[in-house]
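First up is the structure itself, then whatever we jot down about it.
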4 protein chains.
Amino acid sequence: MKIGKKVWAIAEGYIPGWSNGPEPQLASHEAVCILNTCKRDAHVEITIYFSDKDPVGPYKIIVPARRTRHIRFNDLRTPAPIPRDTDYASIIISDIPVVVQHTRLDSRQDANALLSTIAYAQ
Amino acid sequence: MKIGKKVWAIAEGYIPGWSNGPEPQLASHEAVCILNTCKRDAHVEITIYFSDKDPVGPYKIIVPARRTRHIRFNDLRTPAPIPRDTDYASIIISDIPVVVQHTRLDSRQDANALLSTIAYAQ
Amino acid sequence: MKIGKKVWAIAEGYIPGWSNGPEPQLASHEAVCILNTCKRDAHVEITIYFSDKDPVGPYKIIVPARRTRHIRFNDLRTPAPIPRDTDYASIIISDIPVVVQHTRLDSRQDANALLSTIAYAQ
Amino acid sequence: MKIGKKVWAIAEGYIPGWSNGPEPQLASHEAVCILNTCKRDAHVEITIYFSDKDPVGPYKIIVPARRTRHIRFNDLRTPAPIPRDTDYASIIISDIPVVVQHTRLDSRQDANALLSTIAYAQ
């Protein structure tokens with residue numbers, strides 16, 4: 001069964017500048033969770049938008065058939081790492097239908113905070 | 001009145017590996033909340049997707065007529081428990097329309113954190 | 001401009017059983033936020049669903065023209081208060097289009113936690 | 001590619017009345033994150049709805065072509081600042097398609113709390 005859409009957007013984006021707690025679980029991070037329920041691999045391209053400069057991307061990712069990948073924006077490297085403590089947004093475009101959810105863990109203070117939302121699909 | 005859809009997906013999934021605070025309320029957990037407003041029972045099947053192995057399921061659940069069930073992924077046992085501290089995702093398929101919401105309580109640090117989102121429906 | 005839908009559902013519902021911090025702001029609570037952008041009042045009926053007993057309602061609420069109301073489930077009294085530390089869900093039906101969002105503040109531990117999501121609309 | 005919608009609504013709105021932690025990152029705030037993937041600027045108008053008085057607005061904002069802006073409601077000034085510790089809601093209307101997400105950081109207690117959700121689109 002094909003579940004999802006090919007075009008997704010996340011208007012919020014922010015990697016906190018510091019962390020408290022054991023790594024890697026409690027490092028402050030922001031993730032895009034992608035689920036591919038199809039029988040073939042999804043080729044996904046992420047583009048990052050900023051408030052004061054041109055978009056950067058695409059970041060190319062493969063989500064294998066019938067797998068999920070929870071990708072930390074912190075770990076994206078090519079074409080360029082995403083700066084910390086900086087507002088951004090992202091679009092996620094796949095060649096086959098996928099489902100996308102956005103999550104942040106913020107451990108800047110003594111106890112961590114979480115947010116999550118389904119992304120915008122069209 | 002029939003409210004909802006038959007096919008839902010949650011791309012985020014993660015059961016924190018430890019907890020602080022009184023059980024069962026403040027045990028770290030992740031839940032799928034299902035609402036069945038119909039006059040007959042909903043037969044629901046959950047399939048769990050991973051990043052590095054084949055999907056596991058279906059986990060078969062009945063949500064009785066005009067009831068809600070908030071099911072902790074922690075408590076799923078058959079066909080197999082869901083490992084802790086591991087990325088996963090889920091699809092939820094019902095034979096009649098239901099509404100699905102995803103919630104996590106993370107009490108790994110001194111104060112708990114929460115996230116919640118409506119799931120993706122189609 | 002009419003913005004919204006007439007039928008909404010929130011599959012998650014839980015009023016934490018205790019609180020830390022100054023009242024009323026930091027009392028643990030769960031709220032349904034309703035926005036009525038229309039030029040006439042919205043007559044809203046909320047029904048509460050449980051895991052182990054019949055639904056309770058309707059709770060009748062008026063959201064005046066061009067106003068928002070953030071209603072704490074804690075404060076609903078007629079036909080019956082909602083029990084604490086108990087799973088529930090809700091449907092929200094309005095006679096004109098409204099927008100509905102779900103929020104919880106949980107202050108059971110030393111620092112509060114928050115969750116929020118757009119409700120399911122149809 | 002045009003991604004998004006022109007009319008958005010956020011039924012929840014609340015700027016916490018106080019904060020703990022370093023400014024500006026950990027000041028309690030509520031933000032509307034807007035992503036404009038189009039090749040021309042988006043002219044956005046925000047209107048704020050209250051529980052007990054007429055709406056205030058429009059707050060006029062430009063989101064430049066291929067940029068995101070994460071606007072703190074705390075910083076809106078014209079036609080009037082938004083009061084703290086007060087329930088509100090908002091509609092966001094753009095002349096071209098945009099994507100809108102709602103986020104709050106609440107640092108009233110020792111550790112911050114976060115919430116976020118995709119806004120309602122039509």
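So you can find residues: chains in the structure tokens are A, B, ... in the order shown, residues in each start at 1, and ligands are numbered from 1 in order.
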
Please list as JSON, numbers by chain every residue within 8 Å of Glu12 (chain C), counting only C-alpha atoms and excluding residues in the same chain fewer than 6 positions away.
{"B": [33, 34, 70, 101, 102, 103], "C": [87, 88, 89, 90]}

Generate a file of the selected residues that holds all heavy atoms, formatted as a compact mmCIF listing (two decimals), in the first residue's frame.
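The resulting out.txt:
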```txt
# COMPACT_ATOMS: atom_id res chain seq x y z
N CYS B 33 -3.30 7.13 20.37
CA CYS B 33 -4.65 7.33 20.90
C CYS B 33 -5.62 7.17 19.75
O CYS B 33 -5.51 7.85 18.73
CB CYS B 33 -4.79 8.73 21.49
SG CYS B 33 -3.58 9.05 22.78
N ILE B 34 -6.57 6.25 19.91
CA ILE B 34 -7.52 5.95 18.84
C ILE B 34 -8.94 6.21 19.35
O ILE B 34 -9.31 5.74 20.42
CB ILE B 34 -7.39 4.47 18.38
CG1 ILE B 34 -5.93 4.16 18.00
CG2 ILE B 34 -8.33 4.18 17.22
CD1 ILE B 34 -5.69 2.70 17.63
N HIS B 70 -6.16 4.49 24.47
CA HIS B 70 -4.83 5.11 24.41
C HIS B 70 -3.83 3.99 24.67
O HIS B 70 -3.62 3.59 25.81
CB HIS B 70 -4.71 6.21 25.46
CG HIS B 70 -5.67 7.35 25.26
ND1 HIS B 70 -5.57 8.52 25.95
CD2 HIS B 70 -6.71 7.51 24.42
CE1 HIS B 70 -6.56 9.35 25.56
NE2 HIS B 70 -7.25 8.75 24.64
N GLN B 101 -4.14 9.94 17.17
CA GLN B 101 -3.20 10.97 17.63
C GLN B 101 -2.03 10.29 18.31
O GLN B 101 -2.17 9.24 18.94
CB GLN B 101 -3.93 11.92 18.59
CG GLN B 101 -3.12 13.14 19.00
CD GLN B 101 -3.97 14.18 19.72
OE1 GLN B 101 -5.18 14.24 19.54
NE2 GLN B 101 -3.33 15.03 20.51
N HIS B 102 -0.86 10.90 18.19
CA HIS B 102 0.39 10.33 18.67
C HIS B 102 0.93 11.18 19.81
O HIS B 102 1.02 12.40 19.70
CB HIS B 102 1.39 10.32 17.49
CG HIS B 102 2.80 10.03 17.87
ND1 HIS B 102 3.85 10.84 17.51
CD2 HIS B 102 3.33 9.03 18.59
CE1 HIS B 102 4.97 10.33 17.97
NE2 HIS B 102 4.69 9.25 18.62
N THR B 103 1.33 10.53 20.92
CA THR B 103 1.83 11.27 22.09
C THR B 103 3.02 10.54 22.70
O THR B 103 3.05 9.31 22.74
CB THR B 103 0.71 11.38 23.16
OG1 THR B 103 -0.38 12.11 22.61
CG2 THR B 103 1.21 12.11 24.40
N ASP C 87 -7.96 8.41 30.83
CA ASP C 87 -7.91 8.61 29.38
C ASP C 87 -9.28 8.99 28.84
O ASP C 87 -10.28 8.36 29.19
CB ASP C 87 -7.48 7.31 28.68
CG ASP C 87 -6.04 6.94 28.97
OD1 ASP C 87 -5.25 7.81 29.36
OD2 ASP C 87 -5.71 5.75 28.81
N TYR C 88 -9.29 10.00 27.96
CA TYR C 88 -10.55 10.32 27.27
C TYR C 88 -10.22 10.85 25.87
O TYR C 88 -9.05 10.96 25.49
CB TYR C 88 -11.40 11.31 28.07
CG TYR C 88 -10.82 12.68 28.24
CD1 TYR C 88 -11.12 13.70 27.33
CD2 TYR C 88 -10.00 12.99 29.33
CE1 TYR C 88 -10.60 14.96 27.49
CE2 TYR C 88 -9.48 14.26 29.49
CZ TYR C 88 -9.77 15.25 28.56
OH TYR C 88 -9.25 16.50 28.71
N ALA C 89 -11.26 11.14 25.10
CA ALA C 89 -11.12 11.76 23.78
C ALA C 89 -12.33 12.66 23.61
O ALA C 89 -13.26 12.63 24.45
CB ALA C 89 -11.07 10.71 22.68
N SER C 90 -12.36 13.47 22.57
CA SER C 90 -13.49 14.40 22.44
C SER C 90 -13.82 14.66 20.98
O SER C 90 -12.95 14.60 20.11
CB SER C 90 -13.18 15.73 23.14
OG SER C 90 -11.97 16.29 22.69
```

Would you list which chain A residues are within 12 Å of chain B using only C-alpha atoms, as a short mmCIF file (atom, residue, chain, number, x, y, z; two decimals) with C-alpha atoms, in the first residue's frame?
```
data_model
loop_
_atom_site.label_atom_id
_atom_site.label_comp_id
_atom_site.auth_asym_id
_atom_site.auth_seq_id
_atom_site.Cartn_x
_atom_site.Cartn_y
_atom_site.Cartn_z
CA MET A 1 0.00 0.00 0.00
CA LYS A 2 1.25 3.47 -0.85
CA ILE A 3 0.80 5.84 2.07
CA GLY A 4 1.75 9.50 2.01
CA LYS A 5 2.62 12.33 -0.33
CA TRP A 8 6.26 18.07 2.37
CA ASN A 20 22.68 19.02 28.90
CA GLY A 21 22.64 15.27 29.40
CA PRO A 22 24.16 12.10 27.96
CA PRO A 24 23.64 11.03 21.73
CA GLN A 25 20.13 10.61 23.16
CA LEU A 26 19.89 13.92 24.99
CA ALA A 31 14.88 15.58 13.27
CA VAL A 32 12.85 14.85 10.18
CA CYS A 33 11.24 11.42 10.45
CA ILE A 34 10.44 9.83 7.10
CA LEU A 35 8.40 6.65 6.65
CA ASN A 36 8.48 4.75 3.37
CA THR A 37 5.87 1.96 3.28
CA CYS A 38 6.43 1.24 -0.42
CA LYS A 39 8.20 -1.77 -1.86
CA ILE A 62 17.57 7.34 0.51
CA VAL A 63 14.85 5.84 2.66
CA PRO A 64 14.91 2.14 1.80
CA ALA A 65 11.77 0.18 0.91
CA ARG A 66 9.59 -0.53 3.96
CA ARG A 67 11.85 1.37 6.33
CA THR A 68 11.80 4.57 8.37
CA ARG A 69 14.68 6.98 8.78
CA HIS A 70 14.82 9.60 11.53
CA ILE A 71 17.38 12.05 10.22
CA ARG A 72 18.88 14.65 12.54
CA PRO A 97 4.90 8.74 -1.44
CA VAL A 98 6.30 9.04 2.09
CA VAL A 99 5.09 10.37 5.45
CA VAL A 100 7.05 13.13 7.22
CA GLN A 101 7.02 14.25 10.85
CA HIS A 102 9.11 16.94 12.54
CA THR A 103 10.57 16.61 16.07
CA ARG A 104 12.90 18.68 18.26
CA LEU A 105 14.59 17.77 21.50
CA ASP A 106 15.87 20.81 23.38
CA SER A 107 18.11 20.03 26.36
CA GLN A 109 18.11 23.57 30.45
CA ASP A 110 18.16 20.92 33.20
CA ALA A 111 15.27 18.93 31.79
CA ASN A 112 14.67 18.38 28.11
CA ALA A 113 11.73 19.75 26.14
CA LEU A 114 10.10 18.16 23.09
CA LEU A 115 7.97 19.30 20.20
CA SER A 116 6.58 17.36 17.26
CA THR A 117 4.12 17.83 14.45
CA ILE A 118 3.06 16.21 11.26
CA ALA A 119 4.60 18.21 8.42
CA TYR A 120 2.57 20.04 5.77
CA ALA A 121 1.80 17.79 2.78
#
```

Pick out each residue of chain D that DSSP on the backbone tags as strand (DSSP E); I need them as a ChimeraX atom specification.
/D:5-10,29-36,42-50,56-63,67-72,88-106,113-118,120-121

May I have the selected residues written with C-alpha atoms, as an mmCIF file, in the first residue's frame?
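That gives us result-v4.cif:
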```cif
data_model
loop_
_atom_site.group_PDB
_atom_site.id
_atom_site.type_symbol
_atom_site.label_atom_id
_atom_site.label_comp_id
_atom_site.auth_asym_id
_atom_site.auth_seq_id
_atom_site.Cartn_x
_atom_site.Cartn_y
_atom_site.Cartn_z
ATOM 1 C CA LYS D 5 -1.892 27.791 1.096
ATOM 2 C CA LYS D 6 -2.963 31.413 1.385
ATOM 3 C CA VAL D 7 -5.222 31.200 4.458
ATOM 4 C CA TRP D 8 -4.044 29.785 7.795
ATOM 5 C CA ALA D 9 -5.374 29.820 11.337
ATOM 6 C CA ILE D 10 -3.911 29.134 14.792
ATOM 7 C CA HIS D 29 7.754 33.411 23.497
ATOM 8 C CA GLU D 30 5.263 32.319 20.906
ATOM 9 C CA ALA D 31 6.182 32.302 17.229
ATOM 10 C CA VAL D 32 4.541 31.940 13.848
ATOM 11 C CA CYS D 33 6.974 30.376 11.388
ATOM 12 C CA ILE D 34 6.264 31.211 7.762
ATOM 13 C CA LEU D 35 7.976 29.599 4.777
ATOM 14 C CA ASN D 36 7.787 31.186 1.341
ATOM 15 C CA ALA D 42 4.773 37.139 0.199
ATOM 16 C CA HIS D 43 2.716 39.943 1.695
ATOM 17 C CA VAL D 44 1.226 38.522 4.865
ATOM 18 C CA GLU D 45 -1.413 39.972 7.159
ATOM 19 C CA ILE D 46 -1.925 38.603 10.674
ATOM 20 C CA THR D 47 -5.083 39.332 12.666
ATOM 21 C CA ILE D 48 -5.260 38.581 16.386
ATOM 22 C CA TYR D 49 -8.503 37.395 18.001
ATOM 23 C CA PHE D 50 -9.244 37.665 21.711
ATOM 24 C CA VAL D 56 -6.677 43.617 16.315
ATOM 25 C CA GLY D 57 -4.825 43.923 13.024
ATOM 26 C CA PRO D 58 -3.699 43.545 10.412
ATOM 27 C CA TYR D 59 -0.074 43.155 11.360
ATOM 28 C CA LYS D 60 1.697 43.450 7.999
ATOM 29 C CA ILE D 61 4.711 41.297 7.323
ATOM 30 C CA ILE D 62 6.799 40.574 4.249
ATOM 31 C CA VAL D 63 8.357 37.152 3.845
ATOM 32 C CA ARG D 67 13.009 32.782 2.678
ATOM 33 C CA THR D 68 11.517 31.781 6.025
ATOM 34 C CA ARG D 69 10.622 34.153 8.821
ATOM 35 C CA HIS D 70 10.016 33.009 12.390
ATOM 36 C CA ILE D 71 8.097 35.902 13.876
ATOM 37 C CA ARG D 72 7.666 36.149 17.640
ATOM 38 C CA TYR D 88 -5.587 34.833 21.837
ATOM 39 C CA ALA D 89 -5.764 33.219 18.392
ATOM 40 C CA SER D 90 -4.597 34.311 14.957
ATOM 41 C CA ILE D 91 -5.313 34.130 11.269
ATOM 42 C CA ILE D 92 -2.553 34.512 8.727
ATOM 43 C CA ILE D 93 -3.462 35.542 5.185
ATOM 44 C CA SER D 94 -0.891 35.722 2.388
ATOM 45 C CA ASP D 95 -1.156 36.897 -1.206
ATOM 46 C CA ILE D 96 0.777 33.839 -2.404
ATOM 47 C CA PRO D 97 1.029 30.285 -1.004
ATOM 48 C CA VAL D 98 3.059 29.882 2.195
ATOM 49 C CA VAL D 99 3.429 27.263 4.922
ATOM 50 C CA VAL D 100 2.715 28.178 8.557
ATOM 51 C CA GLN D 101 3.721 26.470 11.797
ATOM 52 C CA HIS D 102 3.055 27.551 15.377
ATOM 53 C CA THR D 103 5.592 27.188 18.226
ATOM 54 C CA ARG D 104 5.756 28.237 21.880
ATOM 55 C CA LEU D 105 8.691 28.209 24.270
ATOM 56 C CA ASP D 106 7.602 28.494 27.897
ATOM 57 C CA ALA D 113 8.728 23.543 27.684
ATOM 58 C CA LEU D 114 7.932 23.511 23.952
ATOM 59 C CA LEU D 115 4.887 22.982 21.804
ATOM 60 C CA SER D 116 4.498 23.108 18.044
ATOM 61 C CA THR D 117 1.914 22.245 15.425
ATOM 62 C CA ILE D 118 1.225 22.774 11.804
ATOM 63 C CA TYR D 120 -4.867 24.942 10.031
ATOM 64 C CA ALA D 121 -4.858 25.647 6.267
#
```

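Atom to atom, CA of Arg77 (chain B) and CA of Trp18 (chain B) stand 18.9 Å apart.
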
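Atom pair CA of Pro81 (chain B) / CA of Asp41 (chain A) has a distance of 26.4 Å (rounded to one decimal).
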
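Here CA of Glu23 (chain B) is placed at a distance of 23.0 Å from CA of Thr78 (chain B).
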